[in-house]
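Notes follow once the structure below has been shown.
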Amino acid sequence: MSAATLISPDIIRSRFSAAMSAMYRDEVPAYGTLMELVAEVNAETLAADPAERARLEANDDLARISEERHGAIRVGTAGELHTIRRLFAVMGMFPVGYYDLSEAGVPVHSTAFRPVGDAALKINPFRVFTSLLRLDLIADEDLRGQAAAILAERRIFTPACLELIAKAEAEGGLNDADATRFVAEALETFRWQPRANVTIDMYHRLHDAHRLIADVVSFRGPHINHLTPRTLDIDAVQARMPSRGITPKAVVEGPPTRKCPVLLRQTSFKALQEPVAFRSGDDWKDGSHTARFGEIEQRGVALTPKGRALYDRLLTATRDKVRPAADGSNAADYMAALSRTFAAFPDDWETIRAGELAYFTYSLTEKGLAAEGIGDDIAAAIAAGLIRFDPIVYEDFLPVSAAGIFQSNLGDGAAQDFVANPNQRRFEADLGAEVLNEFDHYAAIEAASLAACRRAPAGTAAGTTA
């Protein structure tokens with residue numbers, strides 16, 4: 001097939017993200033309310049801060065915010081994980097990062113499938129946080145065997161979806177008609193299934209082992225359990241959720257409120273109790289299941305290994321003093337302690353940049369474009385007004401925050417004692433590929449922007465002007 005007839009994976013990803021958002025809005029009406037609230041807060045934030053709006057526009061980041069989503073799914077077997085990787089690859093999404101959530105009492109390990117590279121991210125930064133159930137962490141050997149047998153029987157991809165994945169791999173992509181079919185078929189993997197795979201007695205056994213285990217094993221597929229829009233002011237969204245009939249979780253996960261946002265802040269509303277029919281002989285028995293919820297996020301700058309080490313140290317120090325209670329009873333104390341501890345993390349962009357705590361893109365100003373060169377001293381070029389720098393958005397996730405969201409939505413008793421057991425090698429074997437290192441990708445984007453500044457001859461229009 002001629003490459004000219006193939007659709008860009010970026011376009012397929014955009015179509016799929018829009019289709020999933022529409023599906024989830026139909027399945028979880030409160031998600032639509034969240035979308036309206038986030039749009040309102042974002043518009044007000046940009047109106048109140050023209051400089052930030054201008055910065056986002058200059059870097060082609062403004063348009064992506066309203067379209068930005070991340071979803072989350074949980075798969076049950078190595079085979080499912082392997083095929084999910086192939087499915088996302090059709091959309092230009094690749095596994096970035098390894099996350100061990102067993103250390104936080106959640107029996108999964110995970111990666112994030114997302115586009116890689118600045119150009120693809122600007123088109124559509126859709127991400128899916130994908131967790132693989134750790135059956136080896138189920139203490140009950142008999143239950144572990146039964147759960148494995150149940151999972152072995154299910155098929156989470158339609159035959160047509162598998163055929164289109166294979167076609168994309170063989171031909172280097174899909175044409176427009178096949179891309180349309182692929183989006184429709186792939187969407188079926190993530191759709192909510194109101195009928196369980198198990199009896200209600202088995203469901204309760206799985207649920208007693210861990211609520212997340214029940215969520216994975218009991219259903220025919222890995223229903224999308226949340227879809228998350230991006231806000232520019234998560235504190236405003238958190239404060240307004242009750243006025244929209246939505247009760248937020250007590251604590252915003254991640255770093256505290258800052259002038260210069262770093263990494264990722266997340267909040268959510270409690271998971272829905274949804275009707276489910278369970279197997280009962282040749283009939284069905286009514287019951288319910290609680291798993292799907294609404295989540296909102298605010299993304300800040302991507303930190304370097306040095307910056308991330310400082311962040312992790314400060315977060316650990318905070319939680320050693322005040323650990324947030326599952327019921328939110330000490331939320332105010334925790335947030336106050338978090339703010340006090342994080343005073344040690346610089347909160348102005350130049351100090352963060354000079355301290356090599358975060359990643360930035362660099363571009364020539366009008367003055368820089370007219371100059372004979374910028375020299376080797378980047379700090380001097382910035383001081384002279386030849387170069388501007390802008391924070392690179394953090395595109396990934398925080399395991400402690402993810403676990404906090406899981407636990408607050410799975411119930412007060414969801415956190416259990418699992419021995420921390422990271423096993424990236426096993427995860428990558430199941431995945432069929434190595435996960436990409438997020439730090440390498442941010443560093444590459446930063447380095448490429450600096451190289452472009454140094455290459456641009458005087459008088460050109462290259463780079464972002466100020």
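FYI, nothing fancy with the structure tokens labels: chains A, B, ... in order, residues from 1 per chain, ligands from 1 as they appear.
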Among region 93-280 of chain A, which residues carry a DSSP assignment of helix (DSSP H, G or I), reported as a VMD selection string?
chain A and resid 102 to 104 118 to 123 135 to 137 141 to 153 159 to 171 176 to 189 200 to 209 211 to 217 234 to 244
Need to verify the contact set: Met202 (chain A), 12 Å, only C-alpha atoms, exclusion of same-chain residues closer than 5 positions in sequence. Can you return it as a ChimeraX atom specification?
/A:142-144,146-147,150,196-197,207-209,213-215,217-219,278-280
Which region 122-230 of chain A residues have any atom within 10 Å of an atom of region 64-81 of chain A, and for each, what is the nearest pair of atoms with distance in Å to one decimal, counting only C-alpha atoms, rows sorted by chain and number, as a Markdown table?
```
| residue | atom | partner | partner_atom | distance |
| --- | --- | --- | --- | --- |
| A:Lys122 | CA | A:Arg64 | CA | 6.3 |
| A:Ile123 | CA | A:Arg64 | CA | 6.9 |
| A:Asn124 | CA | A:Arg64 | CA | 6.3 |
| A:Pro125 | CA | A:Glu68 | CA | 6.0 |
| A:Phe126 | CA | A:Arg69 | CA | 5.4 |
| A:Arg127 | CA | A:His70 | CA | 4.6 |
| A:Val128 | CA | A:Gly71 | CA | 4.6 |
| A:Phe129 | CA | A:Ala72 | CA | 4.6 |
| A:Thr130 | CA | A:Ile73 | CA | 5.1 |
| A:Ser131 | CA | A:Arg74 | CA | 4.6 |
| A:Leu132 | CA | A:Val75 | CA | 5.0 |
| A:Leu133 | CA | A:Gly76 | CA | 5.1 |
| A:Arg134 | CA | A:Gly76 | CA | 8.0 |
| A:Leu135 | CA | A:Gly76 | CA | 8.3 |
| A:Ala147 | CA | A:Gly76 | CA | 9.2 |
| A:Ala148 | CA | A:Thr77 | CA | 8.2 |
| A:Ile150 | CA | A:Gly76 | CA | 9.8 |
| A:Leu151 | CA | A:Gly76 | CA | 6.4 |
| A:Ala152 | CA | A:Thr77 | CA | 7.7 |
| A:Arg154 | CA | A:Glu80 | CA | 9.8 |
| A:Arg155 | CA | A:Glu80 | CA | 8.5 |
| A:Ile156 | CA | A:Glu80 | CA | 7.5 |
| A:Phe157 | CA | A:Glu80 | CA | 8.7 |
| A:Phe190 | CA | A:Ile73 | CA | 7.9 |
| A:Leu212 | CA | A:Arg74 | CA | 8.7 |
| A:Ile213 | CA | A:Gly76 | CA | 8.9 |
| A:Asp215 | CA | A:Arg74 | CA | 8.3 |
| A:Val216 | CA | A:Gly76 | CA | 6.1 |
| A:Val217 | CA | A:Gly76 | CA | 6.8 |
| A:Gly221 | CA | A:Val75 | CA | 7.9 |
| A:Pro222 | CA | A:Arg74 | CA | 5.6 |
| A:His223 | CA | A:Ile73 | CA | 6.5 |
| A:Ile224 | CA | A:Ile73 | CA | 5.3 |
| A:Asn225 | CA | A:Ala72 | CA | 6.0 |
| A:His226 | CA | A:Gly71 | CA | 5.6 |
| A:Leu227 | CA | A:Gly71 | CA | 4.4 |
| A:Thr228 | CA | A:His70 | CA | 5.1 |
| A:Pro229 | CA | A:Arg69 | CA | 4.9 |
| A:Arg230 | CA | A:Glu68 | CA | 6.2 |
```
Which is closer to Met93 (chain A) than all the others in A:Val262, A:Leu436, A:Val322, A:Val41, using only C-alpha atoms?
A:Leu436
Smallest atom-to-atom distance to Asp348 (chain A): which of A:Pro261, A:Glu428, A:Ile296, A:Tyr99, using only C-alpha atoms?
A:Pro261
All residues 9 Å or closer to Pro324 (chain A), only C-alpha atoms, same chain fewer than 4 positions away omitted, as a ChimeraX atom specification
/A:251,319,328-331,333-335
Exercise: region 191-195 of chain A partners within 6 Å, only C-alpha atoms, chain neighbours under 3 positions left out, as a ChimeraX atom specification:
/A:188,223,276-277
Written selection (all heavy atoms) as an mmCIF file, in the first residue's frame:
```
data_model
loop_
_atom_site.group_PDB
_atom_site.id
_atom_site.type_symbol
_atom_site.label_atom_id
_atom_site.label_comp_id
_atom_site.auth_asym_id
_atom_site.auth_seq_id
_atom_site.Cartn_x
_atom_site.Cartn_y
_atom_site.Cartn_z
ATOM 1 N N GLU A 188 -14.576 -1.027 21.708
ATOM 2 C CA GLU A 188 -15.323 -2.092 22.382
ATOM 3 C C GLU A 188 -14.518 -2.701 23.528
ATOM 4 O O GLU A 188 -15.104 -3.197 24.505
ATOM 5 C CB GLU A 188 -15.703 -3.174 21.374
ATOM 6 C CG GLU A 188 -16.702 -2.718 20.331
ATOM 7 C CD GLU A 188 -17.965 -2.138 20.966
ATOM 8 O OE1 GLU A 188 -18.558 -2.811 21.845
ATOM 9 O OE2 GLU A 188 -18.338 -1.007 20.609
ATOM 10 N N HIS A 223 -12.793 -2.200 31.219
ATOM 11 C CA HIS A 223 -13.527 -0.949 31.054
ATOM 12 C C HIS A 223 -12.675 0.243 31.502
ATOM 13 O O HIS A 223 -11.933 0.168 32.470
ATOM 14 C CB HIS A 223 -14.831 -0.988 31.861
ATOM 15 C CG HIS A 223 -14.695 -1.579 33.222
ATOM 16 N ND1 HIS A 223 -15.113 -2.861 33.515
ATOM 17 C CD2 HIS A 223 -14.149 -1.102 34.377
ATOM 18 C CE1 HIS A 223 -14.852 -3.134 34.783
ATOM 19 N NE2 HIS A 223 -14.259 -2.079 35.326
ATOM 20 N N VAL A 276 -24.846 -4.321 38.453
ATOM 21 C CA VAL A 276 -24.173 -5.375 37.698
ATOM 22 C C VAL A 276 -24.971 -6.666 37.868
ATOM 23 O O VAL A 276 -25.444 -6.971 38.968
ATOM 24 C CB VAL A 276 -22.731 -5.595 38.203
ATOM 25 C CG1 VAL A 276 -22.101 -6.814 37.530
ATOM 26 C CG2 VAL A 276 -21.876 -4.362 37.933
ATOM 27 N N ALA A 277 -25.103 -7.416 36.797
ATOM 28 C CA ALA A 277 -25.755 -8.732 36.871
ATOM 29 C C ALA A 277 -24.668 -9.802 36.972
ATOM 30 O O ALA A 277 -23.741 -9.832 36.166
ATOM 31 C CB ALA A 277 -26.615 -8.962 35.632
#
```
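Going from CA of Phe269 (chain A) to CA of Ala47 (chain A) covers 26.9 Å.
Using only C-alpha atoms, the shortest contact distance between Val237 (chain A) and any of A:Leu101, A:Val38, A:Leu6, A:Ala18 is found at A:Val38.
Counting only C-alpha atoms, the residue from A:Ala170, A:Ala51, A:Ile352, A:Ile234 that sits nearest to Ala39 (chain A) is A:Ile234.
Ranking A:Val252, A:Ile246, A:Leu187, A:Leu137 by their shortest atom-to-atom distance to Ala332 (chain A), with only C-alpha atoms included, puts A:Val252 first.
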Quick one: DSSP strand (DSSP E or B) residues in region 237-424 of chain A, as number ranges by chain?
A: 248, 253, 262, 264-269, 273-280, 283-290, 294-299, 301, 303, 358, 360-364, 387-391, 393
Can you write just those residues out, C-alpha atoms, as a short mmCIF file (atom, residue, chain, number, x, y, z; two decimals), in the first residue's frame?
```
data_model
loop_
_atom_site.label_atom_id
_atom_site.label_comp_id
_atom_site.auth_asym_id
_atom_site.auth_seq_id
_atom_site.Cartn_x
_atom_site.Cartn_y
_atom_site.Cartn_z
CA PRO A 248 -14.30 15.69 45.66
CA GLU A 253 -2.69 14.35 45.30
CA VAL A 262 5.69 20.97 39.00
CA LEU A 264 1.22 16.46 38.45
CA ARG A 265 -1.65 17.31 40.79
CA GLN A 266 -4.83 15.19 40.74
CA THR A 267 -8.21 15.07 42.40
CA SER A 268 -11.34 13.02 41.80
CA PHE A 269 -14.86 12.25 42.92
CA GLN A 273 -21.92 2.28 42.61
CA GLU A 274 -23.23 0.71 39.42
CA PRO A 275 -25.71 -2.12 38.88
CA VAL A 276 -24.17 -5.37 37.70
CA ALA A 277 -25.75 -8.73 36.87
CA PHE A 278 -23.80 -11.73 38.20
CA ARG A 279 -23.97 -15.31 36.95
CA SER A 280 -26.31 -17.60 38.89
CA ASP A 283 -29.71 -17.11 35.16
CA TRP A 284 -28.46 -13.76 36.42
CA LYS A 285 -28.56 -12.19 39.87
CA ASP A 286 -28.65 -8.44 40.50
CA GLY A 287 -25.76 -6.85 42.37
CA SER A 288 -23.49 -3.81 42.18
CA HIS A 289 -19.87 -2.84 41.67
CA THR A 290 -17.89 0.25 42.57
CA GLY A 294 -14.11 11.08 37.73
CA GLU A 295 -10.67 12.63 37.89
CA ILE A 296 -9.12 16.01 37.09
CA GLU A 297 -5.46 16.87 36.77
CA GLN A 298 -3.19 19.90 36.62
CA ARG A 299 0.14 19.37 34.91
CA VAL A 301 6.92 21.14 34.53
CA LEU A 303 11.56 17.51 36.62
CA ALA A 358 13.43 20.83 35.56
CA PHE A 360 12.76 23.59 29.47
CA THR A 361 12.53 24.36 25.78
CA TYR A 362 14.65 27.24 24.50
CA SER A 363 13.83 29.55 21.60
CA LEU A 364 15.28 32.71 20.11
CA ILE A 387 16.77 33.42 24.39
CA ARG A 388 13.52 32.64 26.18
CA PHE A 389 12.83 29.43 28.03
CA ASP A 390 9.53 27.68 28.69
CA PRO A 391 8.73 24.74 30.98
CA VAL A 393 4.93 19.82 30.40
#
```
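Using only C-alpha atoms, the nearest neighbour of Tyr359 (chain A) within the list A:Glu44, A:Asp100, A:Asp440, A:Asp233 is A:Asp440.
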Find the spatial neighbours of Gly355 (chain A), counting only C-alpha atoms, within a cut-off of 9 Å - ignore same-chain residues fewer than 2 positions away - and output them as a ChimeraX atom specification.
/A:306-307,346,350-353,357-358
File dump, residues just selected, N, CA, C and O atoms, as a PDB file, in the first residue's frame:
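Dumped to part.pdb:
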```pdb
ATOM      1  N   LYS A 306      17.532  15.191  39.253  1.00  0.00           N
ATOM      2  CA  LYS A 306      17.871  15.974  40.446  1.00  0.00           C
ATOM      3  C   LYS A 306      16.623  16.603  41.061  1.00  0.00           C
ATOM      4  O   LYS A 306      16.421  16.555  42.281  1.00  0.00           O
ATOM      5  N   GLY A 307      15.771  17.175  40.227  1.00  0.00           N
ATOM      6  CA  GLY A 307      14.532  17.771  40.729  1.00  0.00           C
ATOM      7  C   GLY A 307      13.585  16.738  41.285  1.00  0.00           C
ATOM      8  O   GLY A 307      12.928  16.965  42.310  1.00  0.00           O
ATOM      9  N   PRO A 346      12.489  25.483  45.127  1.00  0.00           N
ATOM     10  CA  PRO A 346      12.390  26.821  44.530  1.00  0.00           C
ATOM     11  C   PRO A 346      11.085  27.012  43.768  1.00  0.00           C
ATOM     12  O   PRO A 346      10.589  26.080  43.118  1.00  0.00           O
ATOM     13  N   GLU A 350      13.470  30.874  36.937  1.00  0.00           N
ATOM     14  CA  GLU A 350      14.902  31.009  36.696  1.00  0.00           C
ATOM     15  C   GLU A 350      15.721  30.206  37.698  1.00  0.00           C
ATOM     16  O   GLU A 350      16.694  29.549  37.334  1.00  0.00           O
ATOM     17  N   THR A 351      15.313  30.214  38.977  1.00  0.00           N
ATOM     18  CA  THR A 351      16.046  29.429  39.970  1.00  0.00           C
ATOM     19  C   THR A 351      15.909  27.933  39.694  1.00  0.00           C
ATOM     20  O   THR A 351      16.875  27.173  39.820  1.00  0.00           O
ATOM     21  N   ILE A 352      14.723  27.523  39.288  1.00  0.00           N
ATOM     22  CA  ILE A 352      14.509  26.119  38.939  1.00  0.00           C
ATOM     23  C   ILE A 352      15.380  25.732  37.744  1.00  0.00           C
ATOM     24  O   ILE A 352      16.035  24.684  37.743  1.00  0.00           O
ATOM     25  N   ARG A 353      15.416  26.607  36.732  1.00  0.00           N
ATOM     26  CA  ARG A 353      16.219  26.316  35.531  1.00  0.00           C
ATOM     27  C   ARG A 353      17.715  26.300  35.853  1.00  0.00           C
ATOM     28  O   ARG A 353      18.430  25.354  35.487  1.00  0.00           O
ATOM     29  N   LEU A 357      16.768  21.700  37.921  1.00  0.00           N
ATOM     30  CA  LEU A 357      15.734  20.915  38.594  1.00  0.00           C
ATOM     31  C   LEU A 357      14.621  20.486  37.647  1.00  0.00           C
ATOM     32  O   LEU A 357      13.841  19.589  37.982  1.00  0.00           O
ATOM     33  N   ALA A 358      14.518  21.124  36.481  1.00  0.00           N
ATOM     34  CA  ALA A 358      13.426  20.832  35.555  1.00  0.00           C
ATOM     35  C   ALA A 358      13.912  21.012  34.121  1.00  0.00           C
ATOM     36  O   ALA A 358      14.982  21.569  33.871  1.00  0.00           O
TER      37      ALA A 358
END
```
Can you tell me how far CA of Leu386 (chain A) sits from CA of Glu366 (chain A), in Å to one decimal?
7.5 Å
Set the distance at 7 Å and use only C-alpha atoms: which residues neighbour region 256-259 of chain A once local chain neighbours fewer than 5 positions away are removed? I'd like the list as an mmCIF file with N, CA, C and O atoms, in the first residue's frame.
```
data_model
loop_
_atom_site.group_PDB
_atom_site.id
_atom_site.type_symbol
_atom_site.label_atom_id
_atom_site.label_comp_id
_atom_site.auth_asym_id
_atom_site.auth_seq_id
_atom_site.Cartn_x
_atom_site.Cartn_y
_atom_site.Cartn_z
ATOM 1 N N LEU A 338 2.409 19.770 53.893
ATOM 2 C CA LEU A 338 2.960 19.673 52.544
ATOM 3 C C LEU A 338 3.500 21.034 52.085
ATOM 4 O O LEU A 338 4.612 21.136 51.552
ATOM 5 N N SER A 339 2.714 22.087 52.314
ATOM 6 C CA SER A 339 3.143 23.430 51.904
ATOM 7 C C SER A 339 4.394 23.867 52.656
ATOM 8 O O SER A 339 5.311 24.455 52.065
ATOM 9 N N ASP A 347 10.561 28.255 43.814
ATOM 10 C CA ASP A 347 9.268 28.521 43.196
ATOM 11 C C ASP A 347 9.334 29.709 42.231
ATOM 12 O O ASP A 347 8.404 30.497 42.129
#
```
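In this structure, CA of Met23 (chain A) sits 21.6 Å away from CA of Gly245 (chain A).
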